[in-house]
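The structure appears below as structure tokens.
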Amino acid sequence: MSSGTFISFEGIDGAGKSTHIARVADLFRQAGRAVVLTREPGGTPLSEKLRELVLHEAMDPLTEALLMFAARREHLVQVIEPALARGDVVLCDRFTDATFAYQGGGRGFDWQVLAQLERMVQQRPVDDATTAQAGHTPEASHTPHARHAREGEYPYLWQPDLTVWFDLDPLIAAERLASARVPDKFESQPAEFFAAVRAGYAKRQAEMPGRFARIDAAQSMEAVGADVSRIVNDWLQRSAA
Ligand code: TYD
């Protein structure tokens, strides 16, 4: 069983999440934990190549979803699983909720097909399942992963222990992005696309409420930062109890 901590950060483009991830890393380092900062799509040399393709080439929606999950599979196997097995803290700038929100919500791609791909790609190692069959239930193991696994129909999938969702009105996000760099394929989408992405995140939160923490990203940067610190500290206290 892994003993690490897996936290993902989500939100529509322009929600401002990236700025706050470094602060969370500092919180954990101050607590003496080793931190792996990573992102999706990306996080390994191959996954970063897939990122380049998927963020800049037009493609069929299923191809897009498959590439997101292909990049994720590499990232899980090469980076995330080993880090969690070492007991590290993995802070991931986007994970599977982004696929449900962008490809499912934004593009309107079949939610159930995404759920199938998720089950295929995020299956946990057999020894976790064996431990459960031997009578060590997720409840008994006290690992955060196992606790959150109970929410789903398929308990032995990798999921973040905590997902911090920076929720923002797409019109405000568009204003923020207007002054930013050259947009990629997703960033150049209209506000309606981001309204559908936002709805995708809300649907995902409703499906797995236990691991989601929503932050009002329309607040000042300081207020958002304070919320992020509070959420992470609360979560740490709960998971230590
Ligand atoms: P983003 O995380 O915003 O990185 P940066 O801050 O460098 O722009 O960019 C990644 C983009 O990829 C973002 O628009 C969301 C999109 N995306 C998906 O469409 N599906 C996914 O599964 C993931 C992980 C990201």
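All residue names refer to the structure tokens as shown: chains lettered A, B, ... in order, residues numbered from 1 in each chain, ligands numbered from 1 in order.
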- Query: Which residues form the shell of 9 Å around ligand 1 when you count only C-alpha atoms and all ligand atoms, given as a PyMOL selection string?
  - Reply: chain A and resi 10-18+39-42+51+54-55+64-65+67-69+71-72+93-103+106-107+183-188
- Excluding Asn233 (chain A) and residues on its chain fewer than 6 positions from it, collect all residues at most 10 Å away from it, counting only C-alpha atoms, and give them as number ranges by chain. A: 24, 27-28, 227, 239
- region 74-86 of chain A: which residues within 7 Å, counting only C-alpha atoms, same-chain residues fewer than 5 positions away excluded, as a PyMOL selection string? chain A and resi 2-5+43-44+47
Next, write the just-selected residues to a file, as a JSON list (two decimals), in the first residue's frame, keeping N, CA, C and O atoms as the atom set.
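Output below, filename part17.json:
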[["chain", "number", "residue", "atom", "x", "y", "z"],
["A", 2, "SER", "N", 0.44, 2.25, -0.74],
["A", 2, "SER", "CA", 1.23, 3.47, -0.77],
["A", 2, "SER", "C", 0.96, 4.29, 0.48],
["A", 2, "SER", "O", -0.11, 4.24, 1.06],
["A", 3, "SER", "N", 1.96, 5.08, 0.86],
["A", 3, "SER", "CA", 1.79, 5.91, 2.05],
["A", 3, "SER", "C", 1.88, 7.39, 1.72],
["A", 3, "SER", "O", 1.89, 8.21, 2.61],
["A", 4, "GLY", "N", 2.00, 7.70, 0.43],
["A", 4, "GLY", "CA", 2.15, 9.10, 0.03],
["A", 4, "GLY", "C", 0.84, 9.86, 0.03],
["A", 4, "GLY", "O", -0.21, 9.34, 0.43],
["A", 5, "THR", "N", 0.92, 11.09, -0.42],
["A", 5, "THR", "CA", -0.24, 11.98, -0.48],
["A", 5, "THR", "C", -0.34, 12.52, -1.90],
["A", 5, "THR", "O", 0.63, 13.03, -2.44],
["A", 43, "GLY", "N", 4.58, 15.48, -17.48],
["A", 43, "GLY", "CA", 5.16, 14.85, -16.30],
["A", 43, "GLY", "C", 6.21, 13.79, -16.57],
["A", 43, "GLY", "O", 6.91, 13.38, -15.66],
["A", 44, "THR", "N", 6.29, 13.30, -17.82],
["A", 44, "THR", "CA", 7.40, 12.41, -18.23],
["A", 44, "THR", "C", 7.82, 12.90, -19.61],
["A", 44, "THR", "O", 7.04, 13.60, -20.29],
["A", 47, "SER", "N", 5.16, 11.86, -22.07],
["A", 47, "SER", "CA", 3.89, 12.56, -21.82],
["A", 47, "SER", "C", 3.99, 14.03, -22.22],
["A", 47, "SER", "O", 3.00, 14.64, -22.65]]
- Between A:Phe166, A:Trp235, A:Glu192, A:Val224, which is the closest to Arg23 (chain A) once you count only C-alpha atoms?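 Selected residue with least distance to Arg23 (chain A): A:Val224.
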- Message: Quick check, in Å to one decimal: how far apart do CA of Trp111 (chain A) and CA of Gly200 (chain A) lie?
- Response: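 Atom-to-atom, CA of Trp111 (chain A) and CA of Gly200 (chain A) are spaced 9.5 Å apart.
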- Within region 87-131 of chain A, find each residue whose DSSP state, derived from the backbone, is strand (DSSP E or B), and express the selection as a list in words.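 DSSP on the backbone gives strand (DSSP E or B) at Val89, Val90, Leu91, Cys92, Asp93 and Gln123 of chain A.
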- Query: Expressed in Å to a single decimal, how great is the separation between CA of Ala173 (chain A) and CA of Gly105 (chain A)?
  - Reply: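 About the pair CA of Ala173 (chain A) and CA of Gly105 (chain A): they are 17.0 Å apart.
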- Mind the document's chain letters and residue numbers, and return as a PyMOL selection string the residues of region 5-239 of chain A that DSSP labels helix (DSSP H, G or I). chain A and resi 17-30+45-56+61-86+96-106+111-121+126-133+138-141+144-149+170-178+191-207+209-211+221-239
- Selection: 8 Å around Phe194 (chain A), only C-alpha atoms, excl. self and same-chain fewer than 3 positions, as a ChimeraX atom specification: /A:12,106,170,189-191,197-198
With N, CA and C atoms retained, write the just-selected residues as a PDB file, in the first residue's frame.
ATOM      1  N   ILE A  12     -10.787  25.982 -14.735  1.00  0.00           N
ATOM      2  CA  ILE A  12     -10.732  26.404 -16.134  1.00  0.00           C
ATOM      3  C   ILE A  12      -9.486  27.258 -16.356  1.00  0.00           C
ATOM      4  N   GLY A 106     -16.575  20.190 -21.882  1.00  0.00           N
ATOM      5  CA  GLY A 106     -16.284  21.168 -22.946  1.00  0.00           C
ATOM      6  C   GLY A 106     -16.571  20.643 -24.339  1.00  0.00           C
ATOM      7  N   PRO A 170     -16.444  31.931 -16.203  1.00  0.00           N
ATOM      8  CA  PRO A 170     -15.655  31.956 -17.452  1.00  0.00           C
ATOM      9  C   PRO A 170     -15.436  33.372 -17.997  1.00  0.00           C
ATOM     10  N   GLN A 189     -10.559  28.847 -26.844  1.00  0.00           N
ATOM     11  CA  GLN A 189     -11.986  28.519 -26.969  1.00  0.00           C
ATOM     12  C   GLN A 189     -12.843  29.665 -26.416  1.00  0.00           C
ATOM     13  N   PRO A 190     -14.105  29.758 -26.893  1.00  0.00           N
ATOM     14  CA  PRO A 190     -14.995  30.825 -26.390  1.00  0.00           C
ATOM     15  C   PRO A 190     -15.495  30.554 -24.966  1.00  0.00           C
ATOM     16  N   ALA A 191     -16.102  31.601 -24.373  1.00  0.00           N
ATOM     17  CA  ALA A 191     -16.576  31.490 -22.980  1.00  0.00           C
ATOM     18  C   ALA A 191     -17.591  30.350 -22.807  1.00  0.00           C
ATOM     19  N   VAL A 197     -17.053  23.422 -19.492  1.00  0.00           N
ATOM     20  CA  VAL A 197     -15.958  22.795 -18.729  1.00  0.00           C
ATOM     21  C   VAL A 197     -16.252  22.936 -17.228  1.00  0.00           C
ATOM     22  N   ARG A 198     -16.687  24.129 -16.859  1.00  0.00           N
ATOM     23  CA  ARG A 198     -17.009  24.379 -15.447  1.00  0.00           C
ATOM     24  C   ARG A 198     -18.118  23.431 -14.979  1.00  0.00           C
TER      25      ARG A 198
END
- Item | Atomic separation - CA of Leu114 (chain A) relative to CA of Ala218 (chain A), Å | 29.4 Å
- Which residue out of A:Val113, A:Leu46, A:Ala58, A:Ala31 has the minimum interatomic distance to Asp88 (chain A) when only C-alpha atoms are used? A:Ala31
